[in-house]
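One structure is given below, encoded as structure tokens.
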Amino acid sequence: MDSRIRTYQVAADYIRQQTGGYAPLVGIVLGSGLGRLAESIEQPVVIPYRDIPGFPVSTAVGHKGNFIIGRLGGKTVIAMQGRFHYYEGYPMDLVTIGIRTMAVLGVKFLFVSNAAGAANPDYRVGDLVIIRDHISMFPNPLIGPNLDEMGPRFPDMTCAYDLDLQALALRCAEEMGFEPRKGVYFGSTGPTYETPAEVRFYRTIGADLLGMSTIPEVIVARHCGIRVFGMSVVTNCANFDNQPKNLNDGEDVVKQADAAATRMTALFAQMITSL
Ligand code: HPA
């Protein structure tokens with residue numbers, strides 16, 4: 001057996017021991033400043049990543065490093081409060097370790113969130129955007145020997161973001177009285193933000209949102225058959241020209257995301273209730 005499978009099994013066993021055998025249906029990844037969703041999880045069991053065999057420790061601004069397992073919308077969920085970014089220097093197997101551990105635990109749905117910059121000039125800070133597709137500048141996390149136990153060598157990515165879950169999000173948002181946008185997430189490694197020339201290029205090829213996460217997790221989730229819903233909170237509008245204004249900084253990104261977190265939390269909870 002590939003030693004990675006053993007790593008995921010040991011991690012999943014540890015989590016099962018801590019939770020008395022909770023079997024989560026839904027996994028949630030909470031992006032920068034979006035960790036508050038964790039407060040809505042009832043009967044929570046908090047498991048710091050550092051206690052889990054094989055797990056690294058997350059270091060990014062605004063990110064905690066815990067799994068939170070409990071009940072949300074009448075379902076058992078497992079949330080990652082803090083994720084592992086490629087720009088932190090982790091290899092892809094560690095960037096995606098949380099997702100594969102969730103798969104071993106039996107998770108069938110993954111809700112991923114992130115803070116993103118807007119390359120679409122119609123977007124405003126605080127907008128919630130349903131991710132309908134992505135463009136990846138990351139090395140593919142599935143490069144290397146295929147984990148046949150988890151999924152196929154050449155996974156299809158036509159509907160990486162589940163169409164039924166997107167429709168459900170629109171219905172739930174309508175009931176809640178708002179209309180999310182739909183957009184294409186463009187992911188690059190960071191840690192630098194894009195130059196204005198890059199922003200113009202990425203916009204030209206179809207980017208609505210710019211970010212430094214999410215895609216490796218989505219690819220790995222799809223590889224093992226987990227259905228994915230993705231949502232971005234727009235925390236800044238990308239700069240299209242070299243004017244020294246509106247410069248992006250990490251603290252501001254965290255603050256803006258916080259303001260939209262409440263609405264996104266309610267939407268996720270509503271969607272999970274309806275699964
Ligand atoms: N670019 C890349 N990643 C980001 C941005 C951005 O403008 N804002 C938040 N994360």
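The way I read the labels, and the way they are meant: chains A, B, ... in the order of the structure tokens, residue 1 as the first residue of every chain, and ligand 1 as the first ligand shown, with later ones counted on from there.
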
Taking only C-alpha atoms and all ligand atoms into account, which residues have an atom no farther than 6 Å from ligand 1? I'd like them as a VMD selection string. chain A and resid 115 to 117 193 to 194 210 to 212 235 to 236 238 253

Spatial neighbours of range 79-84 of chain A, max dist 9 Å, only C-alpha atoms, sep filter under 4 positions, as a PyMOL selection string: chain A and resi 26-32+34-38+41+56-60+62-70+88+90+94-98+213

Can you tell me which residues surround range 172-177 of chain A at a distance of at most 10 Å, considering only C-alpha atoms, apart from same-chain residues fewer than 4 positions away, and format the answer as a ChimeraX atom specification? /A:166-168,263-264,266-271,274

Write the selection just made, keeping all heavy atoms, as a PDB file, in the first residue's frame?
```pdb
ATOM      1  N   GLN A 166     -24.695  24.228  -6.916  1.00  0.00           N
ATOM      2  CA  GLN A 166     -24.784  25.639  -7.334  1.00  0.00           C
ATOM      3  C   GLN A 166     -26.244  26.092  -7.401  1.00  0.00           C
ATOM      4  O   GLN A 166     -26.591  27.194  -6.961  1.00  0.00           O
ATOM      5  CB  GLN A 166     -24.137  25.831  -8.702  1.00  0.00           C
ATOM      6  CG  GLN A 166     -22.631  25.676  -8.706  1.00  0.00           C
ATOM      7  CD  GLN A 166     -22.053  25.935 -10.089  1.00  0.00           C
ATOM      8  OE1 GLN A 166     -22.359  26.937 -10.734  1.00  0.00           O
ATOM      9  NE2 GLN A 166     -21.223  25.021 -10.558  1.00  0.00           N
ATOM     10  N   ALA A 167     -27.095  25.220  -7.950  1.00  0.00           N
ATOM     11  CA  ALA A 167     -28.525  25.563  -8.047  1.00  0.00           C
ATOM     12  C   ALA A 167     -29.140  25.693  -6.651  1.00  0.00           C
ATOM     13  O   ALA A 167     -29.933  26.611  -6.383  1.00  0.00           O
ATOM     14  CB  ALA A 167     -29.261  24.502  -8.867  1.00  0.00           C
ATOM     15  N   LEU A 168     -28.741  24.771  -5.762  1.00  0.00           N
ATOM     16  CA  LEU A 168     -29.235  24.837  -4.382  1.00  0.00           C
ATOM     17  C   LEU A 168     -28.808  26.153  -3.722  1.00  0.00           C
ATOM     18  O   LEU A 168     -29.602  26.799  -3.024  1.00  0.00           O
ATOM     19  CB  LEU A 168     -28.682  23.636  -3.582  1.00  0.00           C
ATOM     20  CG  LEU A 168     -28.995  23.612  -2.095  1.00  0.00           C
ATOM     21  CD1 LEU A 168     -30.503  23.512  -1.857  1.00  0.00           C
ATOM     22  CD2 LEU A 168     -28.275  22.428  -1.409  1.00  0.00           C
ATOM     23  N   ARG A 263     -23.019  36.288   6.313  1.00  0.00           N
ATOM     24  CA  ARG A 263     -23.948  35.880   5.257  1.00  0.00           C
ATOM     25  C   ARG A 263     -23.569  34.520   4.679  1.00  0.00           C
ATOM     26  O   ARG A 263     -24.412  33.672   4.415  1.00  0.00           O
ATOM     27  CB  ARG A 263     -23.956  36.929   4.147  1.00  0.00           C
ATOM     28  CG  ARG A 263     -25.341  37.523   3.935  1.00  0.00           C
ATOM     29  CD  ARG A 263     -25.362  38.591   2.865  1.00  0.00           C
ATOM     30  NE  ARG A 263     -24.057  39.211   2.654  1.00  0.00           N
ATOM     31  CZ  ARG A 263     -23.604  39.608   1.470  1.00  0.00           C
ATOM     32  NH1 ARG A 263     -24.320  39.451   0.389  1.00  0.00           N
ATOM     33  NH2 ARG A 263     -22.407  40.186   1.367  1.00  0.00           N
ATOM     34  N   MET A 264     -22.272  34.323   4.480  1.00  0.00           N
ATOM     35  CA  MET A 264     -21.834  33.049   3.920  1.00  0.00           C
ATOM     36  C   MET A 264     -22.118  31.889   4.883  1.00  0.00           C
ATOM     37  O   MET A 264     -22.551  30.809   4.471  1.00  0.00           O
ATOM     38  CB  MET A 264     -20.341  33.087   3.585  1.00  0.00           C
ATOM     39  CG  MET A 264     -19.938  31.977   2.657  1.00  0.00           C
ATOM     40  SD  MET A 264     -18.165  31.701   2.644  1.00  0.00           S
ATOM     41  CE  MET A 264     -17.931  30.966   4.246  1.00  0.00           C
ATOM     42  N   ALA A 266     -24.539  31.706   7.043  1.00  0.00           N
ATOM     43  CA  ALA A 266     -25.971  31.402   7.007  1.00  0.00           C
ATOM     44  C   ALA A 266     -26.312  30.619   5.744  1.00  0.00           C
ATOM     45  O   ALA A 266     -27.119  29.681   5.776  1.00  0.00           O
ATOM     46  CB  ALA A 266     -26.768  32.707   7.067  1.00  0.00           C
ATOM     47  N   LEU A 267     -25.694  30.984   4.636  1.00  0.00           N
ATOM     48  CA  LEU A 267     -25.968  30.283   3.372  1.00  0.00           C
ATOM     49  C   LEU A 267     -25.501  28.825   3.454  1.00  0.00           C
ATOM     50  O   LEU A 267     -26.240  27.905   3.078  1.00  0.00           O
ATOM     51  CB  LEU A 267     -25.275  30.991   2.207  1.00  0.00           C
ATOM     52  CG  LEU A 267     -25.512  30.339   0.842  1.00  0.00           C
ATOM     53  CD1 LEU A 267     -26.980  30.422   0.427  1.00  0.00           C
ATOM     54  CD2 LEU A 267     -24.627  30.956  -0.234  1.00  0.00           C
ATOM     55  N   PHE A 268     -24.291  28.607   3.950  1.00  0.00           N
ATOM     56  CA  PHE A 268     -23.785  27.233   4.075  1.00  0.00           C
ATOM     57  C   PHE A 268     -24.719  26.406   4.969  1.00  0.00           C
ATOM     58  O   PHE A 268     -25.060  25.267   4.649  1.00  0.00           O
ATOM     59  CB  PHE A 268     -22.359  27.213   4.652  1.00  0.00           C
ATOM     60  CG  PHE A 268     -21.264  27.447   3.639  1.00  0.00           C
ATOM     61  CD1 PHE A 268     -21.518  28.084   2.438  1.00  0.00           C
ATOM     62  CD2 PHE A 268     -19.958  27.041   3.891  1.00  0.00           C
ATOM     63  CE1 PHE A 268     -20.506  28.299   1.500  1.00  0.00           C
ATOM     64  CE2 PHE A 268     -18.938  27.244   2.962  1.00  0.00           C
ATOM     65  CZ  PHE A 268     -19.211  27.873   1.780  1.00  0.00           C
ATOM     66  N   ALA A 269     -25.129  26.994   6.079  1.00  0.00           N
ATOM     67  CA  ALA A 269     -25.980  26.256   7.019  1.00  0.00           C
ATOM     68  C   ALA A 269     -27.301  25.894   6.342  1.00  0.00           C
ATOM     69  O   ALA A 269     -27.803  24.756   6.467  1.00  0.00           O
ATOM     70  CB  ALA A 269     -26.233  27.084   8.270  1.00  0.00           C
ATOM     71  N   GLN A 270     -27.855  26.843   5.589  1.00  0.00           N
ATOM     72  CA  GLN A 270     -29.131  26.609   4.897  1.00  0.00           C
ATOM     73  C   GLN A 270     -28.981  25.503   3.845  1.00  0.00           C
ATOM     74  O   GLN A 270     -29.827  24.622   3.710  1.00  0.00           O
ATOM     75  CB  GLN A 270     -29.592  27.923   4.247  1.00  0.00           C
ATOM     76  CG  GLN A 270     -30.994  27.892   3.693  1.00  0.00           C
ATOM     77  CD  GLN A 270     -32.026  27.585   4.769  1.00  0.00           C
ATOM     78  OE1 GLN A 270     -31.911  28.078   5.901  1.00  0.00           O
ATOM     79  NE2 GLN A 270     -32.988  26.742   4.450  1.00  0.00           N
ATOM     80  N   MET A 271     -27.885  25.568   3.113  1.00  0.00           N
ATOM     81  CA  MET A 271     -27.641  24.556   2.081  1.00  0.00           C
ATOM     82  C   MET A 271     -27.470  23.165   2.704  1.00  0.00           C
ATOM     83  O   MET A 271     -28.011  22.179   2.211  1.00  0.00           O
ATOM     84  CB  MET A 271     -26.389  24.896   1.260  1.00  0.00           C
ATOM     85  CG  MET A 271     -26.554  26.091   0.361  1.00  0.00           C
ATOM     86  SD  MET A 271     -25.020  26.500  -0.492  1.00  0.00           S
ATOM     87  CE  MET A 271     -24.838  25.085  -1.594  1.00  0.00           C
ATOM     88  N   SER A 274     -30.530  21.496   3.629  1.00  0.00           N
ATOM     89  CA  SER A 274     -31.314  20.999   2.491  1.00  0.00           C
ATOM     90  C   SER A 274     -30.673  19.815   1.767  1.00  0.00           C
ATOM     91  O   SER A 274     -31.245  19.338   0.785  1.00  0.00           O
ATOM     92  CB  SER A 274     -31.510  22.133   1.468  1.00  0.00           C
ATOM     93  OG  SER A 274     -32.008  23.280   2.102  1.00  0.00           O
TER      94      SER A 274
END
```

Run DSSP on the backbone and tell me which residues of range 19-246 of chain A come out as alpha helix (DSSP H); list them as a short mmCIF file (atom, residue, chain, number, x, y, z; two decimals) with C-alpha atoms, in the first residue's frame.
```cif
data_model
loop_
_atom_site.label_atom_id
_atom_site.label_comp_id
_atom_site.auth_asym_id
_atom_site.auth_seq_id
_atom_site.Cartn_x
_atom_site.Cartn_y
_atom_site.Cartn_z
CA THR A 19 -15.11 12.17 18.47
CA MET A 92 0.94 19.16 -2.35
CA ASP A 93 0.42 15.94 -0.35
CA LEU A 94 0.32 18.09 2.81
CA VAL A 95 -1.66 20.96 1.23
CA ILE A 97 -4.01 16.09 3.60
CA GLY A 98 -7.15 17.43 5.27
CA ILE A 99 -9.32 16.62 2.26
CA ARG A 100 -8.06 13.07 1.92
CA THR A 101 -8.48 12.50 5.63
CA MET A 102 -12.08 13.70 5.26
CA ALA A 103 -12.53 11.23 2.38
CA VAL A 104 -11.35 8.36 4.58
CA LEU A 105 -13.84 9.54 7.24
CA LEU A 163 -24.16 21.91 -10.70
CA ASP A 164 -26.89 20.76 -8.29
CA LEU A 165 -25.11 22.40 -5.35
CA GLN A 166 -24.78 25.64 -7.33
CA ALA A 167 -28.53 25.56 -8.05
CA LEU A 168 -29.23 24.84 -4.38
CA ALA A 169 -27.08 27.83 -3.38
CA LEU A 170 -29.07 30.12 -5.66
CA ARG A 171 -32.37 28.85 -4.24
CA CYS A 172 -31.22 29.23 -0.62
CA ALA A 173 -29.77 32.70 -1.28
CA GLU A 174 -33.04 33.80 -2.90
CA GLU A 175 -34.95 32.66 0.21
CA MET A 176 -32.48 34.65 2.29
CA PRO A 196 -1.51 44.82 -12.85
CA ALA A 197 -0.17 43.30 -16.10
CA GLU A 198 -0.97 39.84 -14.72
CA VAL A 199 -4.44 40.99 -13.63
CA ARG A 200 -5.18 42.20 -17.18
CA PHE A 201 -3.87 38.92 -18.61
CA TYR A 202 -5.88 36.72 -16.23
CA ARG A 203 -9.02 38.78 -16.85
CA THR A 204 -8.55 38.34 -20.59
CA ILE A 215 -7.86 24.55 -6.35
CA PRO A 216 -5.52 21.81 -5.02
CA GLU A 217 -8.20 20.85 -2.46
CA VAL A 218 -10.94 20.78 -5.10
CA ILE A 219 -8.88 18.62 -7.47
CA VAL A 220 -8.11 16.11 -4.73
CA ALA A 221 -11.74 16.06 -3.58
CA ARG A 222 -12.98 15.43 -7.13
CA HIS A 223 -10.36 12.72 -7.58
#
```

One number please: CA of Gly21 in chain A to CA of Ser40 in chain A, in Å, one decimal.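 Value for the CA of Gly21 in chain A-CA of Ser40 in chain A distance: 20.8 Å.
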
So that I can see what lies close to Asp148 in chain A, please list as JSON, numbers by chain the residues with an atom at most 12 Å from it, counting only C-alpha atoms and leaving out residues fewer than 6 positions away in the same chain. {"A": [1, 2, 4, 5, 142, 154, 155, 223, 224]}

Please return, as an MDAnalysis selection string, all residues of range 18-258 of chain A that DSSP assigns to strand (DSSP E or B) on the basis of the backbone. chainID A and resid 26:30 42:48 66:72 75:81 109:118 128:136 181:187 209:211 227:237

Fewer than 3 positions away in the same chain doesn't count, so skip those; otherwise give me all residues within 7 Å of Cys237 in chain A, counting only C-alpha atoms, as a CSV table (one decimal) with all heavy atoms, in the first residue's frame.
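After the write, selection01.csv holds the following:
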```csv
chain,number,residue,atom,x,y,z
A,117,GLY,N,-9.5,38.2,-4.5
A,117,GLY,CA,-9.5,39.5,-5.2
A,117,GLY,C,-10.4,39.4,-6.4
A,117,GLY,O,-10.6,38.3,-7.0
A,118,ALA,N,-11.0,40.6,-6.8
A,118,ALA,CA,-11.9,40.6,-7.9
A,118,ALA,C,-11.1,41.0,-9.2
A,118,ALA,O,-10.5,42.1,-9.2
A,118,ALA,CB,-13.0,41.5,-7.7
A,119,ALA,N,-11.1,40.2,-10.2
A,119,ALA,CA,-10.6,40.6,-11.5
A,119,ALA,C,-11.8,41.0,-12.4
A,119,ALA,O,-11.5,41.6,-13.4
A,119,ALA,CB,-9.9,39.4,-12.2
A,124,ARG,N,-17.7,43.8,-6.3
A,124,ARG,CA,-17.5,44.8,-5.2
A,124,ARG,C,-17.0,44.0,-4.0
A,124,ARG,O,-17.3,42.9,-3.7
A,124,ARG,CB,-18.7,45.6,-4.8
A,124,ARG,CG,-19.3,46.4,-5.9
A,124,ARG,CD,-18.4,47.7,-6.2
A,124,ARG,NE,-18.8,48.3,-7.4
A,124,ARG,CZ,-18.2,48.2,-8.6
A,124,ARG,NH1,-17.2,47.3,-8.8
A,124,ARG,NH2,-18.7,48.8,-9.7
A,125,VAL,N,-16.2,44.7,-3.1
A,125,VAL,CA,-15.7,44.1,-1.9
A,125,VAL,C,-16.9,43.7,-1.0
A,125,VAL,O,-17.9,44.5,-0.9
A,125,VAL,CB,-14.8,45.1,-1.1
A,125,VAL,CG1,-14.6,44.7,0.3
A,125,VAL,CG2,-13.5,45.4,-1.8
```
